[in-house]
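**Student:** Please find protein.txt (compact mmCIF, C-alpha atoms and all ligand atoms) on the next line:
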```
# COMPACT_ATOMS: atom_id res chain seq x y z
CA MET A 3 -11.41 2.84 -3.62
CA ARG A 4 -11.81 -0.60 -5.13
CA ARG A 5 -15.18 -1.03 -3.51
CA GLU A 6 -16.37 2.27 -4.99
CA LEU A 7 -14.99 1.60 -8.47
CA GLU A 8 -16.31 -1.94 -8.84
CA PRO A 9 -20.03 -1.13 -9.29
CA TRP A 10 -19.24 2.03 -11.26
CA LEU A 11 -16.82 0.62 -13.84
CA THR A 12 -17.37 -3.14 -14.18
CA GLY A 13 -18.80 -3.95 -17.64
CA ARG A 14 -18.02 -0.53 -19.12
CA THR A 15 -15.98 -0.13 -22.29
CA VAL A 16 -13.33 2.57 -22.67
CA LEU A 17 -14.23 5.13 -25.35
CA ALA A 18 -11.15 7.34 -25.02
CA ALA A 19 -8.06 7.61 -22.83
CA GLU A 20 -5.95 10.72 -22.70
CA ARG A 21 -2.65 11.43 -20.97
CA VAL A 22 -2.90 15.00 -19.83
CA ASP A 23 0.12 16.19 -17.84
CA ALA A 24 1.62 12.74 -17.24
CA PRO A 25 5.36 12.27 -16.77
CA PRO A 26 7.10 10.24 -19.50
CA GLY A 27 8.24 6.70 -18.80
CA PRO A 28 6.67 3.35 -17.89
CA LYS A 29 4.29 4.67 -15.22
CA TYR A 30 1.81 5.86 -17.84
CA ALA A 31 2.71 3.40 -20.60
CA GLY A 32 0.22 1.81 -22.97
CA LEU A 33 -2.76 4.09 -22.44
CA GLU A 34 -3.15 4.64 -26.20
CA GLY A 35 -4.19 0.97 -26.36
CA LEU A 36 -6.97 1.34 -23.77
CA PRO A 37 -9.95 2.39 -26.00
CA GLY A 38 -12.17 -0.56 -26.96
CA HIS A 39 -11.28 -2.54 -23.82
CA ARG A 40 -14.05 -3.55 -21.44
CA ILE A 41 -13.45 -3.65 -17.68
CA GLU A 42 -14.23 -7.19 -16.54
CA ALA A 43 -13.61 -6.65 -12.82
CA VAL A 44 -11.97 -4.32 -10.33
CA THR A 45 -9.52 -6.22 -8.13
CA ARG A 46 -6.70 -5.26 -5.75
CA ARG A 47 -3.42 -6.73 -4.55
CA GLY A 48 -1.72 -4.77 -1.81
CA LYS A 49 -1.73 -1.15 -2.87
CA PHE A 50 -2.18 -1.98 -6.56
CA LEU A 51 -5.60 -1.65 -8.15
CA ILE A 52 -5.84 -4.18 -11.00
CA MET A 53 -8.60 -4.08 -13.61
CA PRO A 54 -8.66 -7.10 -15.94
CA LEU A 55 -9.68 -5.99 -19.47
CA ARG A 56 -11.11 -7.68 -22.51
CA GLY A 57 -9.98 -6.14 -25.78
CA PRO A 58 -12.03 -5.62 -28.95
CA ALA A 59 -10.11 -8.38 -30.75
CA SER A 60 -9.97 -10.76 -27.80
CA THR A 61 -11.29 -14.24 -28.36
CA ALA A 62 -9.86 -15.69 -25.16
CA GLY A 63 -11.27 -13.43 -22.45
CA VAL A 64 -9.02 -11.14 -20.44
CA ASP A 65 -6.02 -10.02 -22.48
CA ALA A 66 -4.84 -6.88 -20.69
CA GLU A 67 -4.84 -5.22 -17.27
CA LEU A 68 -5.08 -1.62 -16.18
CA ILE A 69 -2.84 -1.11 -13.13
CA VAL A 70 -3.34 1.90 -10.88
CA HIS A 71 -1.18 2.84 -7.88
CA LEU A 72 -1.85 6.03 -5.97
CA GLY A 73 1.77 6.57 -4.93
CA MET A 74 1.70 9.22 -2.20
CA THR A 75 -0.85 11.68 -3.55
CA GLY A 76 -2.86 9.93 -6.29
CA VAL A 77 -6.64 10.36 -6.33
CA VAL A 78 -9.19 8.69 -8.62
CA ARG A 79 -12.17 10.99 -9.17
CA ARG A 80 -15.54 11.18 -10.90
CA THR A 81 -15.22 14.93 -11.40
CA PRO A 82 -12.42 17.03 -12.94
CA PRO A 83 -9.77 18.02 -10.38
CA PRO A 84 -8.77 21.65 -9.93
CA GLY A 85 -5.21 20.80 -11.05
CA HIS A 86 -2.57 18.08 -11.42
CA LEU A 87 -4.72 16.01 -13.77
CA ARG A 88 -2.62 13.19 -15.30
CA VAL A 89 -5.13 10.92 -17.06
CA ARG A 90 -8.73 11.20 -18.28
CA VAL A 91 -10.66 8.08 -19.31
CA ALA A 92 -14.15 8.19 -20.88
CA PHE A 93 -16.44 5.14 -20.69
CA ASP A 94 -19.64 4.12 -22.44
CA GLY A 95 -22.78 3.16 -20.56
CA LEU A 96 -26.34 4.33 -20.07
CA GLU A 97 -24.95 7.11 -17.91
CA PRO A 98 -21.73 8.32 -19.53
CA ALA A 99 -18.81 8.25 -17.12
CA THR A 100 -15.40 9.89 -17.03
CA LEU A 101 -12.64 8.90 -14.63
CA TYR A 102 -9.95 11.42 -13.69
CA PHE A 103 -6.57 10.50 -12.20
CA GLN A 104 -5.06 13.37 -10.26
CA ASP A 105 -1.58 13.17 -8.74
CA VAL A 106 0.15 16.16 -7.16
CA ARG A 107 3.57 14.64 -6.46
CA ARG A 108 3.75 12.24 -9.46
CA PHE A 109 4.62 9.05 -7.57
CA GLY A 110 1.42 7.41 -8.85
CA ARG A 111 0.98 5.01 -11.73
CA PHE A 112 -1.68 4.38 -14.39
CA THR A 113 -0.42 1.66 -16.73
CA LEU A 114 -1.86 -0.71 -19.33
CA VAL A 115 -0.05 -4.08 -19.49
CA SER A 116 -0.66 -7.43 -21.17
CA ALA A 117 -2.48 -9.69 -18.73
CA GLY A 118 -0.04 -10.90 -16.06
CA ASP A 119 2.97 -9.16 -17.61
CA TYR A 120 4.46 -7.33 -14.62
CA ARG A 121 8.01 -6.93 -15.97
CA SER A 122 7.70 -3.14 -15.75
CA LEU A 123 6.32 -3.42 -12.19
CA PRO A 124 8.93 -5.20 -10.05
CA THR A 125 7.12 -4.38 -6.79
CA LEU A 126 3.91 -5.97 -8.05
CA ALA A 127 5.78 -9.00 -9.36
CA SER A 128 7.39 -9.65 -5.94
CA LEU A 129 4.30 -8.87 -3.85
CA GLY A 130 3.51 -11.13 -0.89
CA PRO A 131 -0.02 -12.31 -0.08
CA ASP A 132 -2.56 -9.53 0.37
CA ALA A 133 -3.16 -8.71 4.04
CA LEU A 134 -6.93 -9.20 3.68
CA ASP A 135 -6.65 -12.44 1.68
CA PRO A 136 -6.89 -15.84 3.43
CA ALA A 137 -3.55 -16.67 1.76
CA PHE A 138 -1.93 -14.36 4.36
CA THR A 139 -1.35 -16.98 7.05
CA VAL A 140 0.54 -16.89 10.36
CA GLY A 141 2.78 -19.73 9.14
CA GLY A 142 3.74 -18.01 5.92
CA PHE A 143 4.28 -14.70 7.73
CA ARG A 144 6.49 -16.42 10.30
CA ARG A 145 8.64 -18.02 7.60
CA ALA A 146 9.02 -14.69 5.77
CA LEU A 147 10.14 -12.94 8.97
CA ALA A 148 12.40 -15.76 10.16
CA GLY A 149 14.38 -15.71 6.94
CA SER A 150 15.09 -11.97 6.98
CA GLU A 151 18.02 -9.98 8.37
CA VAL A 152 16.07 -6.75 7.78
CA ALA A 153 14.39 -4.67 10.52
CA ILE A 154 10.68 -5.38 10.82
CA LYS A 155 9.34 -2.03 9.59
CA PRO A 156 11.35 -1.80 6.34
CA LEU A 157 10.52 -5.45 5.73
CA LEU A 158 6.79 -4.71 6.05
CA LEU A 159 7.11 -1.71 3.73
CA SER A 160 8.87 -3.89 1.12
CA GLN A 161 5.45 -5.59 0.60
CA ARG A 162 7.18 -8.99 0.42
CA PRO A 163 5.97 -10.74 3.61
CA VAL A 164 2.51 -9.18 3.23
CA ALA A 165 1.06 -6.74 0.71
CA GLY A 166 -0.88 -3.62 1.58
CA VAL A 167 0.93 -2.20 4.62
CA GLY A 168 2.08 1.38 4.06
CA ASN A 169 3.96 3.73 6.37
CA ILE A 170 1.01 4.76 8.54
CA TYR A 171 -0.35 1.24 8.99
CA ALA A 172 3.10 -0.22 9.76
CA ASP A 173 3.53 2.27 12.62
CA GLU A 174 0.05 1.60 13.97
CA ALA A 175 0.35 -2.21 13.82
CA LEU A 176 3.81 -2.23 15.46
CA TRP A 177 2.62 0.06 18.26
CA ARG A 178 -0.41 -2.14 18.91
CA VAL A 179 1.80 -5.20 19.47
CA GLY A 180 4.64 -3.38 21.26
CA VAL A 181 7.36 -4.18 18.73
CA HIS A 182 10.02 -1.60 17.88
CA PRO A 183 10.30 -0.83 14.13
CA LEU A 184 14.07 -1.49 14.19
CA ARG A 185 13.79 -4.99 15.68
CA PRO A 186 15.40 -7.45 13.26
CA ALA A 187 12.43 -9.34 11.81
CA ARG A 188 13.89 -12.75 12.63
CA THR A 189 14.12 -11.90 16.37
CA LEU A 190 10.36 -11.56 16.88
CA SER A 191 8.98 -14.26 19.17
CA ARG A 192 6.34 -16.64 17.91
CA ALA A 193 3.75 -14.81 20.04
CA GLN A 194 4.80 -11.46 18.59
CA VAL A 195 4.50 -12.77 15.03
CA VAL A 196 1.00 -14.06 15.76
CA ALA A 197 0.04 -10.72 17.33
CA LEU A 198 1.51 -8.68 14.48
CA HIS A 199 -0.26 -10.84 11.88
CA GLY A 200 -3.56 -10.06 13.60
CA ALA A 201 -2.76 -6.37 14.10
CA VAL A 202 -1.93 -5.87 10.41
CA ILE A 203 -5.30 -7.34 9.41
CA ASP A 204 -7.19 -5.38 12.10
CA VAL A 205 -5.62 -2.02 11.26
CA LEU A 206 -6.31 -2.39 7.54
CA GLU A 207 -9.87 -3.67 8.01
CA GLU A 208 -10.67 -0.82 10.38
CA SER A 209 -9.23 1.74 7.98
CA VAL A 210 -11.06 0.32 4.94
CA ALA A 211 -14.31 0.46 6.92
CA LEU A 212 -13.67 4.18 7.50
CA GLN A 213 -12.65 4.77 3.86
CA GLY A 214 -8.96 5.13 4.60
CA THR A 215 -6.76 7.85 6.06
CA THR A 216 -6.78 11.36 4.65
CA LEU A 217 -3.63 13.15 5.80
CA TYR A 218 -3.59 15.69 2.96
CA ASP A 219 -4.66 14.76 -0.56
CA TYR A 220 -6.44 11.43 -0.29
CA ARG A 221 -10.12 11.46 -1.20
CA THR A 222 -12.55 8.68 -1.97
CA VAL A 223 -13.77 8.33 -5.55
CA ASN A 224 -16.81 10.38 -4.50
CA GLY A 225 -14.60 13.13 -3.10
CA GLU A 226 -14.99 12.38 0.60
CA VAL A 227 -12.19 12.28 3.17
CA GLY A 228 -11.27 8.97 4.80
CA SER A 229 -11.81 9.21 8.53
CA PHE A 230 -9.32 6.66 9.92
CA LEU A 231 -7.05 9.63 10.70
CA GLU A 232 -9.05 10.18 13.90
CA ARG A 233 -8.26 6.61 15.03
CA LEU A 234 -4.49 6.80 14.61
CA ALA A 235 -2.81 6.06 17.94
CA VAL A 236 0.83 6.78 17.15
CA TYR A 237 1.34 8.02 13.57
CA GLY A 238 1.63 11.82 13.65
CA HIS A 239 1.21 11.91 17.43
CA ASP A 240 4.86 12.43 18.42
CA GLY A 241 5.16 14.68 21.45
CA GLU A 242 1.80 13.47 22.80
CA PRO A 243 1.28 10.86 25.56
CA CYS A 244 0.98 7.20 24.59
CA ALA A 245 -2.66 6.11 24.93
CA ARG A 246 -1.52 2.92 26.65
CA CYS A 247 1.19 4.03 29.09
CA GLY A 248 1.35 7.84 29.01
CA THR A 249 5.00 8.02 27.89
CA THR A 250 5.69 10.78 25.36
CA LEU A 251 5.59 9.35 21.81
CA GLU A 252 8.69 9.88 19.67
CA LYS A 253 9.40 10.29 15.99
CA LEU A 254 12.43 8.72 14.33
CA VAL A 255 13.53 8.02 10.79
CA VAL A 256 13.69 4.38 9.71
CA GLY A 257 14.68 3.68 6.13
CA GLN A 258 14.06 7.36 5.23
CA ARG A 259 10.46 7.15 6.46
CA GLY A 260 9.04 9.12 9.37
CA THR A 261 8.40 6.54 12.09
CA HIS A 262 6.42 6.92 15.31
CA VAL A 263 6.98 4.90 18.47
CA CYS A 264 6.29 4.72 22.17
CA PRO A 265 9.78 4.30 23.68
CA ARG A 266 8.29 2.37 26.62
CA CYS A 267 5.80 0.07 24.86
CA GLN A 268 8.20 -0.58 21.98
CA VAL A 269 11.62 -1.32 23.43
CA ALA A 270 14.47 -0.56 21.03
CA PRO A 271 16.67 -3.54 20.14
CA ARG A 272 20.04 -3.66 21.89
CA ARG A 273 22.81 -2.63 19.52
CA ARG A 274 25.26 -5.23 20.84
CA ARG A 275 23.11 -8.04 19.59
CA THR A 276 22.73 -6.74 16.03
CA ARG A 277 26.43 -5.91 15.72
CA ARG A 278 27.45 -9.38 16.80
CA ALA A 279 25.04 -10.93 14.29
CA ALA A 280 26.33 -8.69 11.52
CA THR A 281 29.98 -9.52 12.12
CA ARG A 282 29.56 -13.23 12.65
CA VAL A 283 31.84 -15.11 10.26
CA PRO A 284 30.45 -18.35 8.83
CA SER A 285 32.57 -21.41 9.53
CA ARG A 286 34.20 -22.92 6.47
CA THR A 287 35.74 -25.89 8.29
CA ARG A 288 32.60 -28.07 8.41
ZN ZN B 301 3.34 3.39 25.57
```
Please re-express this file's structure in structure tokens.
**Tutor:**
Amino acid sequence: MRRELEPWLTGRTVLAAERVDAPPGPKYAGLEGLPGHRIEAVTRRGKFLIMPLRGPASTAGVDAELIVHLGMTGVVRRTPPPGHLRVRVAFDGLEPATLYFQDVRRFGRFTLVSAGDYRSLPTLASLGPDALDPAFTVGGFRRALAGSEVAIKPLLLSQRPVAGVGNIYADEALWRVGVHPLRPARTLSRAQVVALHGAVIDVLEESVALQGTTLYDYRTVNGEVGSFLERLAVYGHDGEPCARCGTTLEKLVVGQRGTHVCPRCQVAPRRRRTRRAATRVPSRTR
């Protein structure tokens, strides 16, 4: 999405911004201040699209940012959607352009903030390094996992050790490296951390190259479906044989999210071990 928006929007100035059927609250805050701002760039951190803006009265460059998050069903379009339109933004330019933000289930976000002011976006403020950024290193990833009592999949979904891994990509990356989603993050071996670091990058790069995964609503800005769905090995394939070992894939719920595993390739952690760790009493006699 970022790659499509960058050549289309960079350098354009907003003529009008209109909330259509947008829910009240901070997710659509500030849009009345958008007209007159010029889009300086289209950047991304994790699952947040961030467009630095220069306002009409700005003397010091970028003074605001437009933040877009698709939530579960958000779609950014060049043409009017058949329904569930939340925001419409008109831009100047030789060829006039209008951007439409459609969101069926209303988990998305389309917010104008002062540059760098993420107080209304706690997830963005606590985001780890982006998975496709060189700042995402094995060493940093290892430290983030080693210091966590949380199971590896919910920790990935928190976006704190690395930004950009959603539910589908967490399942795919963990299956590729044979790590069960419930394994406490700190119990992964050094080799498993190295493998998972690589698998996260690989899965996301492969998906971006195929324009993402369209399960239901997702479309590219030009209205096409993302075709990574055909490459999914485990997500949505419960009841089918594992491509690696033939064992029937299973679906479980981890942290309220549908989670897909091969019970043979991804051995579940032993309960005894986690219980003992949870009940260990720290010594106060030292
Ligand atoms: Zn398997």
**Student:** Go through A:Ser209, A:Gln268, A:Thr215, A:Thr45 one by one, measure the shortest atom-to-atom distance of each to Thr75 of chain A using all atoms listed in the file, and give the residue with the smallest value.
**Tutor:**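 Using all atoms listed in the file, Thr75 of chain A sits closest to A:Thr215.
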**Student:** Pick out the residues no farther than 6 Å from ligand ZN 301 (chain B), counting all atoms listed in the file, and list them as a ChimeraX atom specification.
**Tutor:** /A:244,246-249,264,266-267
**Student:** Do a neighbour search on Leu159 of chain A at 10 Å with all atoms listed in the file, toss out local chain neighbours closer than 4 positions, and write the hits as a short mmCIF file (atom, residue, chain, number, x, y, z; two decimals) with C-alpha atoms, in the frame of the given file.
**Tutor:**
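What landed in result26.cif:
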```cif
data_model
loop_
_atom_site.label_atom_id
_atom_site.label_comp_id
_atom_site.auth_asym_id
_atom_site.auth_seq_id
_atom_site.Cartn_x
_atom_site.Cartn_y
_atom_site.Cartn_z
CA ILE A 154 10.68 -5.38 10.82
CA LYS A 155 9.34 -2.03 9.59
CA PRO A 163 5.97 -10.74 3.61
CA VAL A 164 2.51 -9.18 3.23
CA ALA A 165 1.06 -6.74 0.71
CA GLY A 166 -0.88 -3.62 1.58
CA VAL A 167 0.93 -2.20 4.62
CA GLY A 168 2.08 1.38 4.06
CA ASN A 169 3.96 3.73 6.37
CA TYR A 171 -0.35 1.24 8.99
CA ALA A 172 3.10 -0.22 9.76
CA GLY A 257 14.68 3.68 6.13
CA ARG A 259 10.46 7.15 6.46
#
```
**Student:** Can you tell me which residues surround segment 7-13 of chain A at a distance of at most 8 Å, considering all atoms listed in the file, apart from same-chain residues fewer than 4 positions away, and format the answer as a list in words?
**Tutor:**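 Using all atoms listed in the file, the neighbours found are Met3, Arg40, Ile41, Glu42, Ala43, Val44 and Val223 of chain A.
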**Student:** Name the residues in contact with Pro28 of chain A at a cut-off of 12 Å, using only C-alpha atoms, excluding same-chain residues fewer than 4 positions from it; report them as a list in words.
**Tutor:**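 Within the cut-off, the hits are Ala24, Gly32, Leu33, Ile69, Phe109, Gly110, Arg111, Phe112, Thr113, Leu114, Val115, Tyr120, Arg121, Ser122, Leu123 and Pro124 of chain A.
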**Student:** Determine, using only C-alpha atoms, which residues of segment 161-269 of chain A have any atom at most 12 Å from an atom of segment 80-90 of chain A, and tabulate each with its shortest atom pair and distance in Å to one decimal place, rows ordered by chain and then rising number, as a Markdown table.
**Tutor:**
```
| residue | atom | partner | partner_atom | distance |
| --- | --- | --- | --- | --- |
| A:Asp219 | CA | A:Pro83 | CA | 11.5 |
| A:Arg221 | CA | A:Arg80 | CA | 11.1 |
| A:Thr222 | CA | A:Arg80 | CA | 9.7 |
| A:Val223 | CA | A:Arg80 | CA | 6.3 |
| A:Asn224 | CA | A:Arg80 | CA | 6.6 |
| A:Gly225 | CA | A:Arg80 | CA | 8.1 |
| A:Glu226 | CA | A:Arg80 | CA | 11.6 |
```
**Student:** So what do you get for atom CA of Phe143 of chain A versus atom CA of His262 of chain A, distance-wise?
**Tutor:**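 Pair atom CA of Phe143 of chain A / atom CA of His262 of chain A returns 23.0 Å.
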**Student:** Ranking A:Thr250, A:Ser60, A:Gln258, A:Gln213 by minimum distance to Arg4 of chain A and counting all atoms listed in the file, which one comes first?
**Tutor:**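 Once distances to Arg4 of chain A are computed over all atoms listed in the file, the minimum belongs to A:Gln213.
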**Student:** Find, counting only C-alpha atoms, the residue in A:Ala201, A:Ala245, A:Ala187, A:Val106 that gets nearest to Ala175 of chain A.
**Tutor:**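 Looking at the shortest contact to Ala175 of chain A, the residue is A:Ala201.
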**Student:** Any idea what the distance is between atom CA of Phe103 of chain A and atom CA of Arg14 of chain A?
**Tutor:**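 Going from atom CA of Phe103 of chain A over to atom CA of Arg14 of chain A, I get 17.3 Å.
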**Student:** Grab the atom CA of Gly130 of chain A to atom CA of Lys49 of chain A distance for me, in Å with one decimal place.
**Tutor:**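 Computed distance, atom CA of Gly130 of chain A to atom CA of Lys49 of chain A, equals 11.4 Å.
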**Student:** Return as JSON the centre and edge lengths, in Å with one decimal, of the box along x, y and z that encloses every atom of segment 257-264 of chain A in the file, padded by 8 Å per side.
**Tutor:**
```
{"center_x": 10.5, "center_y": 6.4, "center_z": 13.7, "size_x": 24.4, "size_y": 21.4, "size_z": 32.9}
```
**Student:** Near Leu17 of chain A, counting only C-alpha atoms, which residues have an atom at most 7 Å away, once you skip same-chain residues fewer than 4 positions from it, shown as a PyMOL selection string?
**Tutor:** chain A and resi 37-38+92-94
**Student:** Quick one: of A:Leu234, A:Val179, A:Leu55, A:Val227, who's nearest to Val77 of chain A, counting all atoms listed in the file?
**Tutor:** A:Val227
**Student:** Point out the residue among A:Gly142, A:Pro271, A:Gly238, A:Pro25 with the least atom-to-atom distance to Thr189 of chain A, counting all atoms listed in the file.
**Tutor:**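 Among the listed residues, A:Pro271 lies closest to Thr189 of chain A.
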